[in-house]
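Peer 1: What follows is the file protein-v3.txt, containing compact mmCIF, C-alpha atoms:
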```txt
# COMPACT_ATOMS: atom_id res chain seq x y z
CA MET G 1 -17.09 38.68 -25.55
CA SER G 2 -15.23 41.96 -25.05
CA GLY G 3 -13.19 43.18 -28.00
CA TRP G 4 -9.87 42.76 -26.20
CA GLU G 5 -10.63 39.12 -25.36
CA LYS G 6 -10.30 38.15 -29.01
CA ASN G 7 -6.54 38.62 -28.74
CA ILE G 8 -6.04 36.67 -25.52
CA ARG G 9 -4.08 33.42 -25.64
CA LYS G 10 -6.57 30.97 -24.16
CA VAL G 11 -5.36 27.63 -22.84
CA VAL G 12 -6.63 24.90 -20.54
CA PRO G 13 -4.00 24.97 -17.78
CA TYR G 14 -2.21 22.06 -16.16
CA VAL G 15 -3.79 21.08 -12.84
CA PRO G 16 -1.20 20.05 -10.24
CA GLY G 17 -1.93 17.70 -7.36
CA GLU G 18 -3.94 19.16 -4.52
CA GLN G 19 -1.98 20.92 -1.79
CA PRO G 20 -4.07 20.35 1.37
CA LYS G 21 -4.31 23.27 3.78
CA GLU G 22 -5.29 21.20 6.82
CA GLU G 23 -2.78 19.78 9.27
CA ASP G 24 -1.96 16.13 10.08
CA VAL G 25 -2.56 14.74 6.60
CA ILE G 26 -0.71 11.94 4.86
CA LYS G 27 0.23 13.45 1.52
CA LEU G 28 0.78 10.77 -1.12
CA ASN G 29 -0.45 12.70 -4.17
CA THR G 30 2.38 14.82 -5.56
CA ASN G 31 5.41 12.48 -5.64
CA GLU G 32 7.42 14.42 -3.09
CA ASN G 33 10.22 12.59 -1.31
CA PRO G 34 9.20 11.95 2.31
CA TYR G 35 12.79 12.36 3.49
CA GLY G 36 14.20 15.85 3.76
CA PRO G 37 17.09 17.17 1.70
CA SER G 38 20.70 16.49 2.57
CA PRO G 39 21.92 17.69 6.00
CA ARG G 40 24.45 19.75 4.05
CA VAL G 41 21.53 21.62 2.46
CA LYS G 42 19.89 22.14 5.84
CA GLY G 43 23.15 23.34 7.36
CA LYS G 44 24.18 25.72 4.61
CA GLN G 45 24.48 29.27 5.86
CA LEU G 46 23.19 31.60 3.17
CA GLU G 47 24.53 35.14 2.99
CA LEU G 48 21.15 36.85 2.82
CA GLU G 49 22.81 40.20 2.28
CA LYS G 50 23.61 38.92 -1.21
CA LEU G 51 19.90 38.87 -2.04
CA ARG G 52 20.17 42.56 -2.97
CA LEU G 53 22.37 41.46 -5.89
CA TYR G 54 21.38 39.70 -9.08
CA PRO G 55 22.38 36.02 -9.09
CA ASP G 56 24.89 34.62 -11.56
CA PRO G 57 22.84 34.40 -14.79
CA CYS G 58 24.89 31.39 -15.87
CA ALA G 59 24.44 29.62 -12.50
CA SER G 60 28.05 28.59 -13.10
CA GLN G 61 28.60 27.01 -9.68
CA LEU G 62 25.57 24.74 -10.02
CA VAL G 63 26.22 23.93 -13.67
CA LYS G 64 29.77 22.85 -12.84
CA ALA G 65 28.61 20.69 -9.92
CA ILE G 66 26.05 18.92 -12.13
CA ALA G 67 28.53 18.49 -14.99
CA ASP G 68 31.19 17.05 -12.68
CA TYR G 69 28.66 14.69 -11.11
CA HIS G 70 27.69 13.23 -14.50
CA GLY G 71 31.20 13.31 -15.97
CA LEU G 72 30.27 15.97 -18.52
CA LYS G 73 31.55 19.38 -19.60
CA THR G 74 29.75 22.48 -18.38
CA GLU G 75 28.80 23.12 -22.00
CA ASN G 76 26.62 19.99 -21.81
CA VAL G 77 24.40 21.29 -18.97
CA PHE G 78 21.47 23.72 -18.86
CA VAL G 79 19.67 24.64 -15.62
CA GLY G 80 16.22 26.06 -14.98
CA VAL G 81 13.51 26.61 -12.38
CA GLY G 82 12.47 22.99 -12.02
CA SER G 83 12.26 20.51 -14.88
CA ASP G 84 8.93 22.06 -15.93
CA ASP G 85 10.76 25.29 -16.76
CA VAL G 86 13.49 23.35 -18.58
CA ILE G 87 11.00 21.34 -20.66
CA ALA G 88 8.86 24.39 -21.47
CA MET G 89 12.00 26.20 -22.66
CA SER G 90 12.88 23.12 -24.72
CA PHE G 91 9.46 23.09 -26.37
CA LEU G 92 9.93 26.77 -27.23
CA THR G 93 13.44 26.19 -28.57
CA PHE G 94 13.26 22.89 -30.44
CA PHE G 95 9.67 22.20 -31.50
CA ASN G 96 9.16 24.70 -34.30
CA SER G 97 8.41 22.42 -37.24
CA GLU G 98 5.01 22.37 -38.93
CA LYS G 99 5.01 18.62 -38.30
CA GLU G 100 3.39 17.15 -35.21
CA ILE G 101 5.47 16.38 -32.16
CA LEU G 102 4.79 12.99 -30.58
CA PHE G 103 4.30 11.85 -26.99
CA PRO G 104 2.37 9.02 -25.30
CA ASP G 105 -1.37 9.26 -24.66
CA VAL G 106 -0.82 8.19 -21.04
CA THR G 107 1.99 10.39 -19.76
CA TYR G 108 2.81 13.64 -17.96
CA SER G 109 -0.20 15.84 -18.57
CA PHE G 110 1.79 19.07 -18.92
CA TYR G 111 3.06 18.12 -22.40
CA ASP G 112 -0.18 18.86 -24.24
CA VAL G 113 -0.61 22.07 -22.22
CA TRP G 114 2.76 23.43 -23.39
CA ALA G 115 2.02 22.36 -26.96
CA ASP G 116 -1.37 24.11 -26.91
CA MET G 117 0.04 27.24 -25.30
CA LEU G 118 2.88 27.52 -27.80
CA LYS G 119 0.67 26.48 -30.74
CA ILE G 120 2.80 23.43 -31.49
CA PRO G 121 0.99 20.71 -33.44
CA TYR G 122 1.08 17.38 -31.63
CA ARG G 123 -0.24 13.85 -31.70
CA THR G 124 -0.52 11.49 -28.76
CA VAL G 125 0.62 7.93 -29.43
CA ALA G 126 -1.30 5.18 -27.65
CA VAL G 127 0.56 3.01 -25.18
CA ASP G 128 -0.33 -0.69 -25.44
CA ASP G 129 -2.81 -2.56 -23.24
CA LYS G 130 -0.08 -3.02 -20.61
CA PHE G 131 0.59 0.75 -20.66
CA LYS G 132 3.98 0.31 -22.33
CA ILE G 133 5.41 2.73 -24.88
CA LEU G 134 6.20 1.02 -28.19
CA SER G 135 9.32 2.32 -29.93
CA GLU G 136 8.05 1.31 -33.37
CA ASP G 137 5.22 3.84 -33.04
CA TYR G 138 7.77 6.66 -33.05
CA LYS G 139 9.47 5.69 -36.30
CA CYS G 140 7.47 7.99 -38.52
CA PRO G 141 7.65 11.59 -39.79
CA ASN G 142 7.37 14.02 -36.85
CA GLY G 143 8.49 17.38 -35.53
CA GLY G 144 10.05 16.07 -32.34
CA ILE G 145 9.48 13.54 -29.57
CA ILE G 146 9.20 13.68 -25.80
CA PHE G 147 8.48 10.93 -23.28
CA PRO G 148 9.31 10.27 -19.63
CA ASN G 149 11.44 7.30 -18.65
CA PRO G 150 10.20 5.99 -16.24
CA ASN G 151 6.85 7.08 -17.58
CA ALA G 152 4.40 8.99 -15.43
CA PRO G 153 1.86 8.25 -14.09
CA THR G 154 2.53 4.56 -14.80
CA GLY G 155 6.05 4.25 -13.35
CA ILE G 156 7.07 1.86 -16.14
CA ALA G 157 10.73 2.17 -17.16
CA GLU G 158 12.45 1.14 -20.40
CA PRO G 159 16.15 0.26 -20.86
CA VAL G 160 18.69 2.55 -22.53
CA SER G 161 18.52 0.38 -25.66
CA PHE G 162 14.84 1.35 -26.01
CA VAL G 163 15.71 5.05 -25.86
CA GLU G 164 18.52 4.61 -28.38
CA ASP G 165 16.16 2.82 -30.76
CA ILE G 166 13.91 5.89 -30.85
CA VAL G 167 16.73 8.46 -30.95
CA SER G 168 18.63 6.71 -33.74
CA ALA G 169 15.47 6.48 -35.86
CA ASN G 170 14.78 10.23 -35.52
CA LYS G 171 18.11 11.94 -36.16
CA ASP G 172 16.50 14.92 -37.92
CA VAL G 173 14.44 15.99 -34.88
CA ILE G 174 15.07 16.53 -31.18
CA VAL G 175 14.16 13.70 -28.81
CA ILE G 176 13.64 14.72 -25.17
CA VAL G 177 13.76 12.07 -22.47
CA ASP G 178 12.22 13.26 -19.21
CA GLU G 179 14.06 11.43 -16.41
CA ALA G 180 12.30 12.97 -13.41
CA TYR G 181 12.05 9.55 -11.70
CA VAL G 182 15.07 7.71 -13.09
CA ASP G 183 16.96 7.59 -9.78
CA PHE G 184 14.39 5.22 -8.27
CA GLY G 185 15.42 2.26 -10.43
CA GLY G 186 15.46 3.35 -14.07
CA GLU G 187 18.35 3.46 -16.56
CA SER G 188 19.56 6.88 -17.62
CA ALA G 189 20.17 7.82 -21.25
CA VAL G 190 22.92 10.29 -20.32
CA SER G 191 25.49 7.88 -21.76
CA LEU G 192 24.00 8.48 -25.23
CA ILE G 193 24.42 12.24 -25.48
CA ASP G 194 27.97 12.00 -26.86
CA LYS G 195 26.73 9.60 -29.52
CA TYR G 196 23.58 11.47 -30.60
CA ASP G 197 23.47 15.22 -31.06
CA ASN G 198 19.64 15.22 -31.16
CA LEU G 199 19.11 13.85 -27.63
CA LEU G 200 18.20 15.99 -24.62
CA VAL G 201 17.96 14.36 -21.17
CA VAL G 202 16.06 16.28 -18.48
CA ARG G 203 16.34 15.79 -14.71
CA THR G 204 14.99 17.41 -11.55
CA PHE G 205 16.00 17.92 -7.91
CA SER G 206 12.34 17.72 -6.86
CA LYS G 207 12.00 13.95 -6.44
CA SER G 208 15.12 12.00 -5.52
CA ARG G 209 16.91 14.99 -3.98
CA SER G 210 13.90 16.06 -1.84
CA MET G 211 14.06 19.67 -3.05
CA ALA G 212 10.71 20.28 -4.74
CA GLY G 213 10.38 23.57 -2.88
CA ILE G 214 13.61 25.08 -4.19
CA ARG G 215 12.82 24.46 -7.90
CA ILE G 216 15.89 23.11 -9.70
CA GLY G 217 15.79 21.28 -13.01
CA TYR G 218 18.43 20.67 -15.62
CA ALA G 219 19.02 19.30 -19.10
CA MET G 220 22.02 17.48 -20.55
CA GLY G 221 22.84 17.25 -24.20
CA ASN G 222 25.11 18.13 -27.08
CA GLU G 223 26.91 21.48 -26.71
CA LYS G 224 24.98 22.95 -29.63
CA LEU G 225 21.60 22.01 -28.10
CA ILE G 226 22.58 23.58 -24.78
CA GLN G 227 23.75 26.75 -26.51
CA TYR G 228 20.42 27.03 -28.35
CA LEU G 229 18.57 26.59 -25.05
CA ASN G 230 20.65 29.30 -23.41
CA ASP G 231 20.08 31.65 -26.32
CA VAL G 232 16.32 31.35 -25.83
CA LYS G 233 16.61 31.57 -22.03
CA TYR G 234 18.64 34.79 -22.18
CA SER G 235 16.10 36.21 -24.62
CA PHE G 236 13.32 35.38 -22.16
CA ASN G 237 14.73 35.85 -18.64
CA SER G 238 18.44 36.05 -17.87
CA TYR G 239 18.04 35.43 -14.14
CA THR G 240 15.97 32.27 -13.83
CA MET G 241 18.00 30.69 -11.01
CA ASN G 242 18.06 32.51 -7.68
CA MET G 243 21.07 32.56 -5.37
CA PRO G 244 19.70 30.14 -2.71
CA SER G 245 18.77 27.61 -5.39
CA ILE G 246 22.27 27.70 -6.86
CA GLU G 247 24.06 27.32 -3.54
CA LEU G 248 21.72 24.72 -2.02
CA GLY G 249 21.74 22.73 -5.25
CA VAL G 250 25.51 22.43 -5.03
CA MET G 251 25.25 21.22 -1.43
CA SER G 252 22.84 18.48 -2.48
CA ILE G 253 25.06 17.30 -5.33
CA GLU G 254 28.02 17.03 -2.96
CA ASP G 255 26.28 14.67 -0.52
CA GLU G 256 26.17 11.43 -2.50
CA GLY G 257 25.93 9.22 0.59
CA TYR G 258 22.70 10.79 1.84
CA PHE G 259 21.29 10.82 -1.70
CA ARG G 260 21.77 7.07 -2.10
CA GLU G 261 20.47 6.34 1.40
CA SER G 262 17.26 8.29 0.80
CA ILE G 263 16.61 6.59 -2.53
CA ALA G 264 17.20 3.13 -1.04
CA LYS G 265 14.60 3.81 1.65
CA VAL G 266 11.97 4.81 -0.92
CA ILE G 267 12.67 1.77 -3.12
CA SER G 268 12.49 -0.62 -0.16
CA THR G 269 9.20 0.86 1.02
CA ARG G 270 7.80 0.79 -2.51
CA GLU G 271 8.45 -2.93 -2.94
CA ARG G 272 6.98 -3.77 0.47
CA PHE G 273 3.91 -1.61 -0.15
CA ILE G 274 3.23 -3.28 -3.50
CA LYS G 275 3.31 -6.74 -1.92
CA GLU G 276 0.94 -5.66 0.85
CA ILE G 277 -1.73 -4.09 -1.32
CA GLU G 278 -1.60 -6.89 -3.88
CA LYS G 279 -2.81 -9.14 -1.05
CA LEU G 280 -5.86 -6.85 -0.83
CA GLY G 281 -6.85 -7.30 -4.48
CA PHE G 282 -4.86 -4.49 -6.08
CA THR G 283 -2.94 -4.81 -9.32
CA CYS G 284 0.14 -2.58 -9.61
CA LEU G 285 2.03 -1.70 -12.75
CA PRO G 286 5.78 -2.44 -12.49
CA SER G 287 7.17 0.78 -11.00
CA LYS G 288 10.67 2.20 -11.14
CA ALA G 289 9.53 5.53 -9.70
CA ASN G 290 8.73 6.88 -6.25
CA PHE G 291 5.07 6.07 -6.75
CA VAL G 292 2.81 3.14 -7.57
CA PHE G 293 0.03 3.08 -10.18
CA ALA G 294 -2.63 0.70 -8.92
CA THR G 295 -6.17 -0.50 -9.58
CA HIS G 296 -8.45 -2.66 -7.44
CA GLU G 297 -10.31 -5.74 -8.65
CA ARG G 298 -13.62 -4.57 -7.16
CA LEU G 299 -13.52 -1.04 -5.73
CA LYS G 300 -13.53 1.96 -8.06
CA ALA G 301 -10.48 4.19 -7.91
CA LYS G 302 -12.54 7.35 -7.45
CA TYR G 303 -14.31 5.80 -4.45
CA ILE G 304 -11.00 4.85 -2.81
CA PHE G 305 -9.64 8.33 -3.55
CA GLU G 306 -12.65 10.02 -1.94
CA GLU G 307 -12.72 7.76 1.11
CA ALA G 308 -8.99 8.19 1.65
CA LYS G 309 -9.39 11.95 1.53
CA LYS G 310 -12.08 11.79 4.21
CA ASN G 311 -9.46 10.08 6.34
CA LYS G 312 -6.85 12.77 5.60
CA ILE G 313 -4.92 10.58 3.19
CA TYR G 314 -4.30 12.22 -0.18
CA VAL G 315 -3.55 10.16 -3.30
CA ARG G 316 -3.88 11.15 -6.97
CA HIS G 317 -6.81 10.21 -9.20
CA PHE G 318 -6.89 11.13 -12.89
CA ASN G 319 -10.35 11.36 -14.41
CA LYS G 320 -9.05 10.54 -17.87
CA PRO G 321 -9.74 7.81 -20.45
CA ARG G 322 -7.91 4.52 -19.91
CA ILE G 323 -6.62 5.45 -16.43
CA GLU G 324 -9.75 6.61 -14.62
CA ASN G 325 -9.80 3.43 -12.53
CA TYR G 326 -6.19 3.75 -11.36
CA LEU G 327 -4.66 5.61 -8.44
CA ARG G 328 -1.17 7.07 -8.38
CA ILE G 329 0.16 6.60 -4.87
CA THR G 330 3.34 8.38 -3.82
CA ILE G 331 5.68 6.37 -1.60
CA GLY G 332 5.93 7.98 1.82
CA THR G 333 7.70 6.82 4.97
CA ASP G 334 7.13 3.29 6.27
CA GLU G 335 4.88 4.69 8.97
CA GLN G 336 2.76 6.63 6.47
CA MET G 337 2.40 3.64 4.16
CA ASP G 338 1.43 1.38 7.07
CA ILE G 339 -1.37 3.78 8.01
CA PHE G 340 -2.56 3.76 4.39
CA ILE G 341 -2.38 -0.05 4.23
CA ASP G 342 -4.51 -0.30 7.39
CA PHE G 343 -7.01 2.11 5.85
CA LEU G 344 -7.18 -0.01 2.69
CA LYS G 345 -7.65 -3.22 4.72
CA ASN G 346 -10.64 -1.70 6.47
CA LEU G 347 -12.06 -0.29 3.25
CA VAL G 348 -11.75 -3.57 1.35
```
What's the structure tokens form of this structure?

Peer 2:
Amino acid sequence: MSGWEKNIRKVVPYVPGEQPKEEDVIKLNTNENPYGPSPRVKGKQLELEKLRLYPDPCASQLVKAIADYHGLKTENVFVGVGSDDVIAMSFLTFFNSEKEILFPDVTYSFYDVWADMLKIPYRTVAVDDKFKILSEDYKCPNGGIIFPNPNAPTGIAEPVSFVEDIVSANKDVIVIVDEAYVDFGGESAVSLIDKYDNLLVVRTFSKSRSMAGIRIGYAMGNEKLIQYLNDVKYSFNSYTMNMPSIELGVMSIEDEGYFRESIAKVISTRERFIKEIEKLGFTCLPSKANFVFATHERLKAKYIFEEAKKNKIYVRHFNKPRIENYLRITIGTDEQMDIFIDFLKNLV
């Protein structure tokens, strides 16, 4: 090892879903919304001459639009470059105790990466044999808590009362609820932020608003939490949100009708898809997300994954304990899911 390598921060990075380079594929592996963003987003005329200027460091226009949408004050909203950026900044800001932070053992696999990178002690808490998070397991000394609701990659959602049970039992630490998929049938914990000053709720435009490529995430919480987040952000990078993201994000927020229509399509297709593949011997966990977590009674998940890929259908397989025989299948259009169903019929 070279002398300089001794001082390098070495981490095992997060591995995102594969982005295929070939054409004519059915991409059901990264939980993107198959329907494009709002027509208002598509029709927005951006003043590209403004790109020579720095964007508003406060992203005031977007913050106000988000706050108004949720019935909050602007002081309750923090924005970042996708929810990954927001959560990473939250780890950096709030998880500084010597005690371990807690998150589920089957969950978003970026959490342990951030903890390792930032040298935050952590402990994964086992979900039960039905892949459910148990609130009682989080009523113990800790340095903070984070979990998605609905969870990923399982898609299982818990009610607001479940979230409150955990938050109320941990008033001396910050509890982060990652609501990346909540719009597809989950219950949001936003209603609790006035009641609990230790709760941070994180959302994204990437899934339900079909804007994964523009990178917008945001957090909602007590004014003091948001101020602490901004203090760290401005000490790290004042200009995280670019001008197109700010303006297009506002356009998306303002088109509620299209937003609801797009979500309804995904939910309808999800429920139909589950019924169809259950006829083929699959078992699906109860999903309130824009994906399904499924296992087959006879065929191995890795085999299905590999055969699907040969047929230009991409789904997600996690080679990890407890979930190695499950596939996470993003919900595409009806046409895409019908092609996948026909593929599965032939394979089975």

Peer 1: So which one's closest to Ala219 of chain G, G:Ile133, G:Val125, G:Val79, G:Leu102? Using only C-alpha atoms, please.

Peer 2: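 Looking at the shortest contact to Ala219 of chain G, the residue is G:Val79.
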
Peer 1: Restricting the calculation to all atoms listed in the file, which member of G:Asp194, G:Ala301, G:Glu223, G:Tyr314 is positioned closest to Gln336 of chain G?

Peer 2: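 Counting all atoms listed in the file, the residue closest to Gln336 of chain G is G:Tyr314.
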
Peer 1: Atom CA of Asn222 of chain G to atom CA of Leu199 of chain G: how many Å, to one decimal?

Peer 2: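 Rounded to one decimal, the two atoms are 7.4 Å apart.
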
Peer 1: With distances taken over all atoms listed in the file, which of G:Met243, G:Arg328, G:Ile176, G:Lys275 is nearest to Leu51 of chain G?

Peer 2: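 For Leu51 of chain G, the nearest of the candidates is G:Met243.
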
Peer 1: Counting only C-alpha atoms, which residue out of G:Lys320, G:Lys300, G:His70, G:Arg40 sits closest to Gly257 of chain G?

Peer 2: G:Arg40

Peer 1: Pick from G:Ala65, G:Ile8, G:Leu134, G:Leu192: nearest to Val77 of chain G, with only C-alpha atoms counted?

Peer 2: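 When distances to Val77 of chain G are compared using only C-alpha atoms, the smallest one comes from G:Ala65.
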
Peer 1: Measuring atom to atom with all atoms listed in the file, identify which of G:Pro286, G:Gly249, G:Pro57, G:Pro321 is nearest to Thr154 of chain G.

Peer 2: G:Pro286

Peer 1: From the structure just shown, export segment 35-60 of chain G with N, CA and C atoms as a short mmCIF file (atom, residue, chain, number, x, y, z; two decimals), in the first residue's frame.

Peer 2:
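Saved the output as decode.cif:
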```cif
data_model
loop_
_atom_site.label_atom_id
_atom_site.label_comp_id
_atom_site.auth_asym_id
_atom_site.auth_seq_id
_atom_site.Cartn_x
_atom_site.Cartn_y
_atom_site.Cartn_z
N TYR G 35 -44.85 7.03 -16.39
CA TYR G 35 -45.53 8.15 -17.01
C TYR G 35 -44.69 9.40 -16.82
N GLY G 36 -44.59 10.20 -17.85
CA GLY G 36 -43.74 11.37 -17.80
C GLY G 36 -44.20 12.39 -16.78
N PRO G 37 -43.40 13.41 -16.55
CA PRO G 37 -43.81 14.47 -15.63
C PRO G 37 -44.98 15.27 -16.17
N SER G 38 -45.50 16.13 -15.36
CA SER G 38 -46.66 16.96 -15.71
C SER G 38 -46.44 17.69 -17.03
N PRO G 39 -47.49 17.84 -17.84
CA PRO G 39 -47.39 18.65 -19.06
C PRO G 39 -46.91 20.07 -18.77
N ARG G 40 -47.20 20.57 -17.59
CA ARG G 40 -46.72 21.91 -17.23
C ARG G 40 -45.19 21.93 -17.14
N VAL G 41 -44.62 20.81 -16.66
CA VAL G 41 -43.17 20.70 -16.60
C VAL G 41 -42.61 20.66 -18.02
N LYS G 42 -43.24 19.84 -18.87
CA LYS G 42 -42.76 19.70 -20.24
C LYS G 42 -42.88 21.01 -21.01
N GLY G 43 -43.90 21.80 -20.69
CA GLY G 43 -44.15 23.03 -21.42
C GLY G 43 -43.45 24.26 -20.86
N LYS G 44 -42.80 24.13 -19.75
CA LYS G 44 -42.14 25.28 -19.13
C LYS G 44 -40.98 25.78 -19.99
N GLN G 45 -41.01 27.04 -20.31
CA GLN G 45 -39.93 27.65 -21.08
C GLN G 45 -38.88 28.20 -20.11
N LEU G 46 -37.73 27.58 -20.11
CA LEU G 46 -36.65 28.01 -19.22
C LEU G 46 -35.83 29.12 -19.89
N GLU G 47 -35.50 30.13 -19.12
CA GLU G 47 -34.65 31.21 -19.62
C GLU G 47 -33.19 30.78 -19.46
N LEU G 48 -32.68 30.12 -20.50
CA LEU G 48 -31.34 29.53 -20.40
C LEU G 48 -30.25 30.58 -20.22
N GLU G 49 -30.54 31.80 -20.58
CA GLU G 49 -29.57 32.87 -20.35
C GLU G 49 -29.25 33.01 -18.86
N LYS G 50 -30.24 32.63 -18.03
CA LYS G 50 -30.04 32.73 -16.58
C LYS G 50 -29.01 31.73 -16.05
N LEU G 51 -28.66 30.75 -16.87
CA LEU G 51 -27.71 29.73 -16.39
C LEU G 51 -26.32 30.31 -16.11
N ARG G 52 -26.06 31.52 -16.59
CA ARG G 52 -24.77 32.16 -16.28
C ARG G 52 -24.75 32.68 -14.84
N LEU G 53 -25.95 32.74 -14.22
CA LEU G 53 -26.07 33.26 -12.85
C LEU G 53 -26.18 32.13 -11.85
N TYR G 54 -25.74 32.39 -10.64
CA TYR G 54 -25.97 31.41 -9.57
C TYR G 54 -27.46 31.32 -9.26
N PRO G 55 -27.95 30.12 -8.95
CA PRO G 55 -29.36 30.00 -8.57
C PRO G 55 -29.58 30.55 -7.16
N ASP G 56 -30.83 30.74 -6.82
CA ASP G 56 -31.19 31.17 -5.47
C ASP G 56 -30.73 30.11 -4.48
N PRO G 57 -29.79 30.40 -3.59
CA PRO G 57 -29.28 29.39 -2.66
C PRO G 57 -30.36 28.86 -1.71
N CYS G 58 -31.39 29.66 -1.49
CA CYS G 58 -32.48 29.23 -0.61
C CYS G 58 -33.56 28.45 -1.36
N ALA G 59 -33.48 28.44 -2.70
CA ALA G 59 -34.51 27.80 -3.52
C ALA G 59 -35.90 28.24 -3.05
N SER G 60 -36.03 29.54 -2.78
CA SER G 60 -37.22 30.07 -2.11
C SER G 60 -38.52 29.74 -2.83
#
```
